[in-house]
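The file input.txt contains compact mmCIF, C-alpha atoms:
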# COMPACT_ATOMS: atom_id res chain seq x y z
CA MET A 207 -25.95 24.74 -78.26
CA ASP A 208 -22.37 23.50 -78.21
CA LYS A 209 -22.77 20.71 -80.73
CA ASP A 210 -20.64 20.73 -83.85
CA ILE A 211 -18.19 23.30 -82.61
CA SER A 212 -14.86 22.64 -84.20
CA GLN A 213 -12.06 21.25 -82.07
CA ALA A 214 -10.00 24.22 -83.24
CA VAL A 215 -12.38 26.62 -81.46
CA ILE A 216 -12.52 24.38 -78.38
CA GLY A 217 -8.74 24.28 -78.43
CA ARG A 218 -8.63 28.08 -78.22
CA LEU A 219 -11.05 28.41 -75.28
CA PRO A 220 -8.52 27.53 -72.54
CA ARG A 221 -6.37 30.41 -73.76
CA TYR A 222 -9.31 32.82 -73.46
CA LEU A 223 -9.86 31.46 -69.97
CA ARG A 224 -6.23 32.05 -69.06
CA TYR A 225 -6.32 35.70 -70.16
CA LEU A 226 -9.71 36.31 -68.55
CA GLY A 227 -8.39 34.75 -65.31
CA GLU A 228 -5.49 37.20 -65.33
CA LEU A 229 -7.91 40.09 -65.88
CA LYS A 230 -10.08 38.83 -63.01
CA ASP A 231 -7.00 38.71 -60.77
CA LYS A 232 -6.39 42.37 -61.64
CA ASN A 233 -10.03 43.18 -60.84
CA VAL A 234 -10.79 44.23 -64.41
CA GLU A 235 -14.58 44.13 -64.81
CA ARG A 236 -15.03 44.49 -68.54
CA ILE A 237 -12.99 44.42 -71.70
CA SER A 238 -13.65 45.22 -75.34
CA SER A 239 -12.87 42.70 -78.05
CA SER A 240 -10.22 45.10 -79.40
CA GLU A 241 -8.43 45.30 -76.02
CA LEU A 242 -8.62 41.51 -75.66
CA SER A 243 -7.36 41.26 -79.23
CA ALA A 244 -4.29 43.38 -78.45
CA MET A 245 -3.50 41.32 -75.34
CA MET A 246 -3.95 37.96 -77.00
CA LYS A 247 -2.52 38.90 -80.39
CA VAL A 248 -5.43 37.50 -82.34
CA THR A 249 -7.81 39.63 -84.40
CA ALA A 250 -10.90 41.10 -82.76
CA SER A 251 -12.99 39.46 -85.46
CA GLN A 252 -11.54 36.04 -84.56
CA ILE A 253 -12.48 36.66 -80.93
CA ARG A 254 -16.04 37.66 -81.85
CA GLN A 255 -16.36 34.66 -84.15
CA ASP A 256 -15.07 32.23 -81.55
CA LEU A 257 -17.34 33.53 -78.81
CA ASN A 258 -20.35 33.73 -81.14
CA ASN A 259 -20.23 29.94 -81.30
CA PHE A 260 -21.55 29.99 -77.77
CA GLY A 261 -24.07 32.78 -78.11
CA GLY A 262 -21.78 35.81 -78.06
CA PHE A 263 -21.69 37.20 -74.49
CA GLY A 264 -20.65 40.64 -75.74
CA GLN A 265 -22.72 43.80 -75.81
CA GLN A 266 -22.26 46.52 -78.41
CA GLY A 267 -20.44 49.49 -76.88
CA TYR A 268 -19.86 47.71 -73.58
CA GLY A 269 -17.58 44.82 -74.42
CA TYR A 270 -17.40 41.65 -72.41
CA ASN A 271 -18.10 41.26 -68.72
CA VAL A 272 -14.92 39.51 -67.53
CA ASP A 273 -16.44 37.52 -64.64
CA PHE A 274 -19.42 36.40 -66.66
CA LEU A 275 -17.37 35.39 -69.70
CA TYR A 276 -14.87 33.56 -67.48
CA SER A 277 -17.58 31.57 -65.79
CA GLU A 278 -19.42 30.82 -69.06
CA ILE A 279 -16.26 29.52 -70.74
CA SER A 280 -15.51 27.46 -67.61
CA LYS A 281 -18.94 25.88 -67.90
CA ILE A 282 -18.53 25.23 -71.62
CA LEU A 283 -15.22 23.51 -70.90
CA GLY A 284 -16.94 21.32 -68.33
CA LEU A 285 -14.89 22.84 -65.51
CA GLU A 286 -17.80 23.29 -63.13
CA LYS A 287 -17.53 19.57 -62.38
CA GLN A 288 -14.91 17.52 -60.57
CA TYR A 289 -12.93 14.87 -62.44
CA ASN A 290 -11.13 12.06 -60.67
CA PHE A 291 -7.98 10.90 -62.40
CA VAL A 292 -5.28 8.26 -62.12
CA ILE A 293 -1.78 8.31 -63.54
CA ILE A 294 -0.38 5.16 -65.13
CA GLY A 295 3.41 5.32 -64.97
CA ALA A 296 5.26 6.72 -61.95
CA GLY A 297 8.31 7.96 -63.89
CA ASN A 298 9.41 11.57 -64.07
CA LEU A 299 6.58 12.61 -66.36
CA GLY A 300 3.96 10.90 -64.18
CA LYS A 301 5.45 12.61 -61.13
CA ALA A 302 5.50 15.97 -62.89
CA LEU A 303 1.83 15.70 -63.88
CA GLY A 304 0.85 14.41 -60.44
CA GLY A 305 2.53 17.41 -58.86
CA TYR A 306 0.70 20.18 -60.73
CA LEU A 307 -1.45 21.90 -58.12
CA ASN A 308 -3.14 23.91 -60.87
CA PHE A 309 -4.92 20.80 -62.12
CA GLU A 310 -6.51 20.38 -58.70
CA LYS A 311 -7.61 24.03 -58.66
CA ARG A 312 -9.44 23.32 -61.92
CA GLY A 313 -11.23 20.35 -60.39
CA PHE A 314 -8.99 17.51 -61.61
CA ILE A 315 -8.32 15.39 -58.52
CA LEU A 316 -5.47 12.86 -58.43
CA LYS A 317 -6.80 9.67 -56.85
CA GLY A 318 -4.22 7.02 -57.70
CA VAL A 319 -0.88 6.30 -59.36
CA PHE A 320 0.00 2.92 -60.86
CA ASP A 321 3.20 1.35 -62.07
CA GLN A 322 4.40 -2.12 -62.99
CA ASN A 323 7.73 -1.72 -61.21
CA PRO A 324 7.48 -3.35 -57.72
CA LYS A 325 10.29 -1.09 -56.46
CA LEU A 326 7.95 1.88 -56.81
CA TYR A 327 4.99 0.36 -54.93
CA GLY A 328 4.30 2.45 -51.85
CA THR A 329 6.48 5.40 -52.92
CA MET A 330 4.63 8.69 -53.04
CA VAL A 331 3.56 10.93 -55.91
CA ARG A 332 2.50 14.06 -54.06
CA ASP A 333 0.19 12.57 -51.39
CA VAL A 334 -0.76 9.42 -53.32
CA LYS A 335 0.89 6.01 -52.97
CA VAL A 336 2.02 4.14 -56.09
CA MET A 337 0.01 0.93 -56.53
CA PRO A 338 0.57 -2.22 -58.62
CA MET A 339 -1.06 -2.40 -62.06
CA GLU A 340 -3.13 -5.42 -60.96
CA ASP A 341 -5.13 -3.13 -58.69
CA LEU A 342 -6.06 -0.77 -61.52
CA PRO A 343 -9.37 -2.34 -62.71
CA SER A 344 -11.01 -2.50 -59.28
CA PHE A 345 -9.63 0.91 -58.33
CA ILE A 346 -11.22 2.59 -61.37
CA LYS A 347 -14.62 1.16 -60.56
CA GLU A 348 -14.54 1.73 -56.83
CA ASN A 349 -13.23 5.27 -56.98
CA ASP A 350 -15.33 6.65 -59.78
CA ILE A 351 -12.31 7.46 -61.95
CA ASP A 352 -13.06 9.58 -65.02
CA ILE A 353 -9.65 10.12 -66.58
CA ALA A 354 -6.52 7.99 -66.91
CA VAL A 355 -3.23 9.67 -67.77
CA LEU A 356 -0.86 7.40 -69.68
CA THR A 357 2.81 8.17 -69.18
CA ILE A 358 4.19 4.78 -70.17
CA PRO A 359 5.87 3.54 -73.38
CA LYS A 360 3.67 2.83 -76.37
CA GLU A 361 3.47 -0.98 -76.17
CA GLY A 362 2.22 -0.78 -72.58
CA ALA A 363 -0.10 2.08 -73.42
CA VAL A 364 -1.98 0.06 -76.03
CA LEU A 365 -2.50 -2.84 -73.60
CA VAL A 366 -3.45 -0.64 -70.67
CA SER A 367 -5.91 1.36 -72.78
CA LYS A 368 -7.88 -1.84 -73.36
CA VAL A 369 -8.02 -2.53 -69.61
CA LEU A 370 -9.14 1.05 -69.02
CA VAL A 371 -11.90 0.82 -71.61
CA GLU A 372 -13.14 -2.52 -70.22
CA ASN A 373 -13.43 -0.95 -66.81
CA GLY A 374 -15.45 2.04 -67.90
CA ILE A 375 -12.92 4.87 -68.11
CA LYS A 376 -14.40 8.02 -69.69
CA ALA A 377 -11.26 9.63 -70.99
CA ILE A 378 -7.57 9.01 -71.63
CA TRP A 379 -4.90 11.70 -71.59
CA ASN A 380 -2.29 9.97 -73.68
CA PHE A 381 1.40 10.89 -73.54
CA ALA A 382 2.52 7.62 -75.17
CA HIS A 383 3.80 7.98 -78.70
CA VAL A 384 1.02 5.95 -80.31
CA ASP A 385 -2.57 6.46 -81.42
CA LEU A 386 -4.97 4.52 -79.24
CA ASP A 387 -7.84 2.56 -80.72
CA VAL A 388 -10.77 3.08 -78.34
CA PRO A 389 -14.57 3.21 -78.72
CA GLU A 390 -16.09 6.60 -79.46
CA ASN A 391 -17.55 6.95 -75.98
CA VAL A 392 -14.00 7.21 -74.63
CA GLN A 393 -12.45 10.64 -75.15
CA VAL A 394 -8.76 10.74 -75.99
CA GLU A 395 -6.46 13.72 -75.93
CA ASN A 396 -2.95 13.07 -77.20
CA VAL A 397 0.15 14.94 -76.14
CA HIS A 398 2.78 13.71 -78.55
CA LEU A 399 5.84 15.57 -77.31
CA SER A 400 8.16 14.60 -80.12
CA ASP A 401 5.60 15.80 -82.68
CA SER A 402 5.71 19.17 -81.00
CA LEU A 403 9.52 19.17 -81.04
CA MET A 404 9.50 18.40 -84.78
CA LYS A 405 7.27 21.39 -85.44
CA LEU A 406 9.99 23.42 -83.79
CA SER A 407 12.76 21.95 -85.96
CA TYR A 408 10.59 22.61 -89.03
CA ASN A 409 10.13 26.24 -88.04
CA ILE A 410 13.84 26.74 -87.29
CA SER A 411 14.88 25.21 -90.57
CA SER A 412 12.13 26.90 -92.59
CA TYR A 413 12.97 30.31 -91.07
CA ASN A 414 16.63 29.84 -91.96
CA LYS A 415 15.79 28.85 -95.54
CA ASN A 416 13.57 31.88 -96.03
CA LYS A 417 16.22 34.16 -94.53
CA GLU A 418 18.95 32.72 -96.75
CA GLY A 419 16.66 33.24 -99.71
CA SER A 420 16.01 36.89 -98.92
CA GLU A 421 19.60 37.65 -97.87
CA GLY A 422 20.80 36.14 -101.11
CA GLY A 423 19.15 39.07 -102.86
CA GLU A 424 17.36 36.92 -105.41
CA ALA A 425 15.07 38.71 -107.81
CA PHE A 426 11.37 37.98 -107.48
CA VAL A 427 10.33 35.39 -110.02
CA MET B 211 8.72 25.38 -102.03
CA ASP B 212 7.70 25.00 -98.42
CA LYS B 213 6.73 28.61 -97.80
CA ASP B 214 3.21 29.43 -96.73
CA ILE B 215 2.34 25.91 -95.73
CA SER B 216 -0.18 26.06 -92.94
CA GLN B 217 0.93 25.11 -89.45
CA ALA B 218 -1.95 22.63 -89.46
CA VAL B 219 -0.29 20.67 -92.28
CA ILE B 220 3.12 20.93 -90.61
CA GLY B 221 1.52 19.73 -87.41
CA ARG B 222 0.34 16.58 -89.17
CA LEU B 223 3.70 15.67 -90.74
CA PRO B 224 5.24 14.13 -87.58
CA ARG B 225 2.31 11.72 -87.49
CA TYR B 226 2.98 10.67 -91.08
CA LEU B 227 6.60 10.19 -90.12
CA ARG B 228 5.62 8.00 -87.18
CA TYR B 229 3.46 5.69 -89.33
CA LEU B 230 6.05 5.57 -92.11
CA GLY B 231 8.72 4.73 -89.53
CA GLU B 232 6.62 1.79 -88.33
CA LEU B 233 6.19 0.61 -91.92
CA LYS B 234 9.95 0.91 -92.49
CA ASP B 235 10.55 -1.18 -89.35
CA LYS B 236 8.28 -3.84 -90.86
CA ASN B 237 10.22 -3.65 -94.16
CA VAL B 238 7.19 -2.42 -96.09
CA GLU B 239 8.48 -0.85 -99.31
CA ARG B 240 5.44 0.90 -100.68
CA ILE B 241 1.96 1.84 -99.59
CA SER B 242 -1.09 3.27 -101.35
CA SER B 243 -2.81 6.36 -100.02
CA SER B 244 -5.88 4.23 -99.28
CA GLU B 245 -3.87 1.76 -97.16
CA LEU B 246 -2.19 4.64 -95.34
CA SER B 247 -5.61 6.22 -94.93
CA ALA B 248 -7.00 3.07 -93.27
CA MET B 249 -4.01 2.87 -90.88
CA MET B 250 -4.04 6.52 -89.94
CA LYS B 251 -7.81 6.99 -89.95
CA VAL B 252 -7.72 10.07 -92.12
CA THR B 253 -9.18 10.25 -95.62
CA ALA B 254 -7.00 9.32 -98.59
CA SER B 255 -7.82 12.69 -100.10
CA GLN B 256 -6.50 14.45 -96.98
CA ILE B 257 -3.27 12.48 -97.30
CA ARG B 258 -2.89 13.35 -100.97
CA GLN B 259 -3.64 17.02 -100.25
CA ASP B 260 -1.17 17.19 -97.37
CA LEU B 261 1.63 15.56 -99.33
CA ASN B 262 0.89 17.60 -102.46
CA ASN B 263 2.01 20.66 -100.49
CA PHE B 264 5.51 19.30 -100.85
CA GLY B 265 5.31 18.12 -104.41
CA GLY B 266 3.34 14.92 -103.99
CA PHE B 267 5.79 12.01 -103.88
CA GLY B 268 3.12 9.54 -105.00
CA GLN B 269 2.85 7.76 -108.33
CA GLN B 270 -0.46 6.78 -109.87
CA GLY B 271 -0.98 3.01 -109.51
CA TYR B 272 2.16 2.56 -107.42
CA GLY B 273 1.48 4.48 -104.25
CA TYR B 274 4.17 5.93 -102.05
CA ASN B 275 7.70 4.61 -101.67
CA VAL B 276 7.96 4.31 -97.87
CA ASP B 277 11.71 4.94 -97.53
CA PHE B 278 11.67 7.88 -99.92
CA LEU B 279 8.61 9.50 -98.33
CA TYR B 280 10.06 8.97 -94.85
CA SER B 281 13.30 10.65 -95.78
CA GLU B 282 11.60 13.51 -97.64
CA ILE B 283 9.32 14.29 -94.70
CA SER B 284 12.33 14.10 -92.37
CA LYS B 285 14.08 16.68 -94.51
CA ILE B 286 11.02 18.93 -94.62
CA LEU B 287 10.82 18.80 -90.83
CA GLY B 288 14.47 19.83 -90.64
CA LEU B 289 15.44 16.49 -89.06
CA GLU B 290 18.52 15.96 -91.23
CA LYS B 291 20.32 18.45 -88.97
CA GLN B 292 21.45 18.25 -85.37
CA TYR B 293 19.96 20.61 -82.78
CA ASN B 294 21.66 21.32 -79.47
CA PHE B 295 19.30 22.02 -76.63
CA VAL B 296 19.30 23.03 -72.99
CA ILE B 297 16.62 22.50 -70.37
CA ILE B 298 15.80 25.31 -67.95
CA GLY B 299 14.27 23.80 -64.82
CA ALA B 300 15.53 20.51 -63.34
CA GLY B 301 12.21 19.47 -61.82
CA ASN B 302 10.32 16.31 -62.74
CA LEU B 303 9.23 17.62 -66.13
CA GLY B 304 12.75 18.77 -66.99
CA LYS B 305 14.09 15.38 -65.96
CA ALA B 306 11.43 13.58 -67.98
CA LEU B 307 12.24 15.57 -71.13
CA GLY B 308 15.98 15.21 -70.56
CA GLY B 309 15.57 11.46 -70.33
CA TYR B 310 13.79 10.85 -73.64
CA LEU B 311 16.26 8.92 -75.77
CA ASN B 312 13.97 9.30 -78.76
CA PHE B 313 14.76 13.00 -78.97
CA GLU B 314 18.44 12.15 -79.36
CA LYS B 315 17.66 9.62 -82.10
CA ARG B 316 15.94 12.46 -83.98
CA GLY B 317 19.03 14.66 -83.66
CA PHE B 318 18.06 16.74 -80.63
CA ILE B 319 21.10 16.64 -78.35
CA LEU B 320 20.86 17.60 -74.66
CA LYS B 321 23.85 19.79 -73.84
CA GLY B 322 22.98 21.43 -70.52
CA VAL B 323 20.44 21.67 -67.72
CA PHE B 324 19.99 24.80 -65.61
CA ASP B 325 18.17 25.54 -62.38
CA GLN B 326 18.12 28.33 -59.83
CA ASN B 327 18.06 25.95 -56.87
CA PRO B 328 21.64 25.57 -55.51
CA LYS B 329 20.73 22.18 -54.04
CA LEU B 330 20.39 20.82 -57.56
CA TYR B 331 23.75 22.09 -58.88
CA GLY B 332 25.88 19.14 -59.85
CA THR B 333 23.04 16.60 -59.72
CA MET B 334 22.58 14.69 -62.96
CA VAL B 335 19.84 14.72 -65.59
CA ARG B 336 20.75 11.70 -67.64
CA ASP B 337 24.48 12.35 -68.27
CA VAL B 338 24.36 16.12 -67.90
CA LYS B 339 25.12 18.09 -64.72
CA VAL B 340 22.69 20.73 -63.51
CA MET B 341 24.30 24.19 -63.67
CA PRO B 342 23.40 27.54 -62.08
CA MET B 343 21.27 29.98 -64.08
CA GLU B 344 24.12 32.54 -64.05
CA ASP B 345 26.06 30.27 -66.40
CA LEU B 346 23.26 30.15 -68.98
CA PRO B 347 24.20 33.15 -71.20
CA SER B 348 27.80 32.13 -71.76
CA PHE B 349 26.85 28.46 -72.12
CA ILE B 350 24.40 29.22 -74.94
CA LYS B 351 26.99 31.12 -76.91
CA GLU B 352 29.91 28.78 -76.32
CA ASN B 353 27.98 25.57 -77.02
CA ASP B 354 26.05 26.61 -80.08
CA ILE B 355 22.68 26.02 -78.43
CA ASP B 356 19.69 26.13 -80.79
CA ILE B 357 16.76 25.31 -78.54
CA ALA B 358 15.90 26.08 -74.92
CA VAL B 359 13.22 24.04 -73.18
CA LEU B 360 11.40 25.99 -70.47
CA THR B 361 10.01 23.85 -67.65
CA ILE B 362 9.77 26.56 -65.00
CA PRO B 363 6.81 28.58 -63.67
CA LYS B 364 5.47 31.40 -65.80
CA GLU B 365 7.05 34.39 -64.01
CA GLY B 366 10.51 32.86 -64.39
CA ALA B 367 9.79 31.82 -67.96
CA VAL B 368 9.10 35.39 -69.08
CA LEU B 369 12.37 36.64 -67.53
CA VAL B 370 14.46 33.75 -68.81
CA SER B 371 13.03 34.07 -72.33
CA LYS B 372 14.50 37.60 -72.49
CA VAL B 373 17.93 36.29 -71.48
CA LEU B 374 17.65 33.55 -74.08
CA VAL B 375 16.72 35.99 -76.83
CA GLU B 376 19.56 38.37 -75.89
CA ASN B 377 22.00 35.50 -76.19
CA GLY B 378 20.90 34.39 -79.61
CA ILE B 379 18.67 31.37 -78.96
CA LYS B 380 16.90 30.19 -82.13
CA ALA B 381 13.90 28.48 -80.58
CA ILE B 382 12.05 28.01 -77.32
CA TRP B 383 10.00 24.94 -76.42
CA ASN B 384 7.77 26.46 -73.80
CA PHE B 385 6.01 24.37 -71.14
CA ALA B 386 5.30 27.39 -68.91
CA HIS B 387 1.67 28.44 -68.77
CA VAL B 388 2.21 31.81 -70.41
CA ASP B 389 2.60 33.20 -73.94
CA LEU B 390 6.12 34.49 -74.51
CA ASP B 391 6.77 37.77 -76.26
CA VAL B 392 9.82 37.17 -78.45
CA PRO B 393 11.06 38.59 -81.78
CA GLU B 394 9.91 36.82 -84.92
CA ASN B 395 13.32 35.29 -85.58
CA VAL B 396 12.87 33.17 -82.44
CA GLN B 397 10.58 30.18 -82.97
CA VAL B 398 8.29 29.24 -80.11
CA GLU B 399 6.33 26.07 -79.66
CA ASN B 400 4.01 26.01 -76.66
CA VAL B 401 2.95 22.91 -74.78
CA HIS B 402 0.25 24.19 -72.46
CA LEU B 403 -0.65 21.03 -70.56
CA SER B 404 -3.65 22.40 -68.72
CA ASP B 405 -5.13 23.63 -72.02
CA SER B 406 -4.94 20.07 -73.26
CA LEU B 407 -6.57 18.76 -70.08
CA MET B 408 -9.43 21.25 -70.51
CA LYS B 409 -10.07 20.00 -74.03
CA LEU B 410 -10.54 16.61 -72.42
CA SER B 411 -13.01 17.90 -69.83
CA TYR B 412 -14.89 19.67 -72.63
CA ASN B 413 -15.13 16.46 -74.63
CA ILE B 414 -16.26 14.40 -71.62
CA SER B 415 -18.90 16.90 -70.68
CA SER B 416 -20.03 17.52 -74.26
CA TYR B 417 -20.29 13.78 -74.94
CA ASN B 418 -22.42 13.33 -71.83
CA LYS B 419 -24.72 16.19 -72.80
CA ASN B 420 -25.26 14.82 -76.28
CA LYS B 421 -25.89 11.35 -74.86
CA GLU B 422 -28.42 12.67 -72.36
CA GLY B 423 -30.09 14.57 -75.17
CA SER B 424 -30.45 11.51 -77.37
CA GLU B 425 -31.38 9.15 -74.51
CA GLY B 426 -34.03 11.62 -73.44
CA GLY B 427 -35.81 10.81 -76.70
CA GLU B 428 -36.34 14.43 -77.63
CA ALA B 429 -38.00 15.11 -80.95
CA PHE B 430 -35.90 16.83 -83.58
CA VAL B 431 -36.71 20.51 -83.56
Starting from the file, lay out its structure as structure tokens.
Amino acid sequence: MDKDISQAVIGRLPRYLRYLGELKDKNVERISSSELSAMMKVTASQIRQDLNNFGGFGQQGYGYNVDFLYSEISKILGLEKQYNFVIIGAGNLGKALGGYLNFEKRGFILKGVFDQNPKLYGTMVRDVKVMPMEDLPSFIKENDIDIAVLTIPKEGAVLVSKVLVENGIKAIWNFAHVDLDVPENVQVENVHLSDSLMKLSYNISSYNKNKEGSEGGEAFV
Amino acid sequence: MDKDISQAVIGRLPRYLRYLGELKDKNVERISSSELSAMMKVTASQIRQDLNNFGGFGQQGYGYNVDFLYSEISKILGLEKQYNFVIIGAGNLGKALGGYLNFEKRGFILKGVFDQNPKLYGTMVRDVKVMPMEDLPSFIKENDIDIAVLTIPKEGAVLVSKVLVENGIKAIWNFAHVDLDVPENVQVENVHLSDSLMKLSYNISSYNKNKEGSEGGEAFV
């Protein structure tokens, strides 16, 4: 059923889940696509299209059952399972990601943190001790680790990704500023922070240009 | 010229810039779209299409001039200017973002860090002292701040975004897990980390399902 769904649609599902979670918290039982549309500021037709990818869930004249839709989207996103993860890199970003309690609520369990700096061995990230990189391969196998989070510079990230792949990692959440070359059975999700910052500078500069253009009172050509 | 270019294309430009930067570092002077395609693992036709949005830059039989293309894309992304930014929230994520020297190389200059925790006042994020939130409005105006980075929980982020807008901020880089409601002259770029993590769990679980399906030897139906 959920083959061939575009990554764009998948990318929008967590946002649906977030809004539905807020509705659940407010004990809202059902919602129409037009109400959801107003809240989320996307068109009702986009919402219907997105959810139709998974069989719809809506009923004419009734709308969506919030609890049901929430739990179906959770299942689609694979959130009914538990994922064990390790963080490679015990710097500020690694510590920030290790500290997010929301990840644990979603079933992502922090099992280990690794760093190559001996000064950090034994220091704590939340309730997990930082371990030396040499221990990483055996740790992945013995602790059934699904996901590795890479918060190290790009040269290290490329090397470590090979070690991870050799030891059977299923997925890499990559914060290093490099594209990783891994086999197709290993899922990679990149968070390239400076790419995101450049989108912002584009939008600032493009907005200013358009404003200057219109304020200049140029005739339409 | 660069009106109405889709955010998807804009979103891909920083990646072009990254690869072109690496080529520049290796003193490569020109590259064909097919070579670039092989490096970046996107089709040559996608590359030509993307770059045609901005007038092309390529010459038949010559390929792209690396330096020229790098500097043109930099300009398109608004990177020829300097942007002053502040970080709201001096936790681990704020510290991580404040510490990225690469941002400064791109022209994003950290001017101030703010937090509501008095214990953090005066502590340092890189070479910048953490200041109380009360000082934020005047600081934005007096220091010509373009961008505010929000690394605080969602309730705070909504309140602070209003203060930012009232004081003339141009853009918000939002790491809080909430959509901000700001006027259209304020640019927002969201980094919703748990959304990204859920895409990963989707891809792990979807890959497993497809594998089970094919290993099960089911007939095509």
Please identify every residue of chain A that has at least one atom no more than 6 Å from any atom of chain B, counting all atoms listed in the file, and report them as a list in words.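 Going by the stated atoms only, the list reads Pro220, Leu283, Gly284, Asn298, Leu299, Ala302, Asp401, Ser407, Tyr408 and Ser411 of chain A.
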Take atom CA of Val319 of chain A and atom CA of Glu372 of chain A and report the distance between them in Å, one decimal. 18.6 Å
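Closest approach to Ile283 of chain B among B:Gly332, B:Val338, B:Gly231, B:Ala358 is made by B:Gly231 (distances from only C-alpha atoms).
Reported to one decimal place, the separation of atom CA of Tyr270 of chain A from atom CA of Lys311 of chain A is 24.4 Å.
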Gap from atom CA of Leu242 of chain A to atom CA of Leu374 of chain B - Å, one decimal: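 Rounded to one decimal, the two atoms are 27.5 Å apart.
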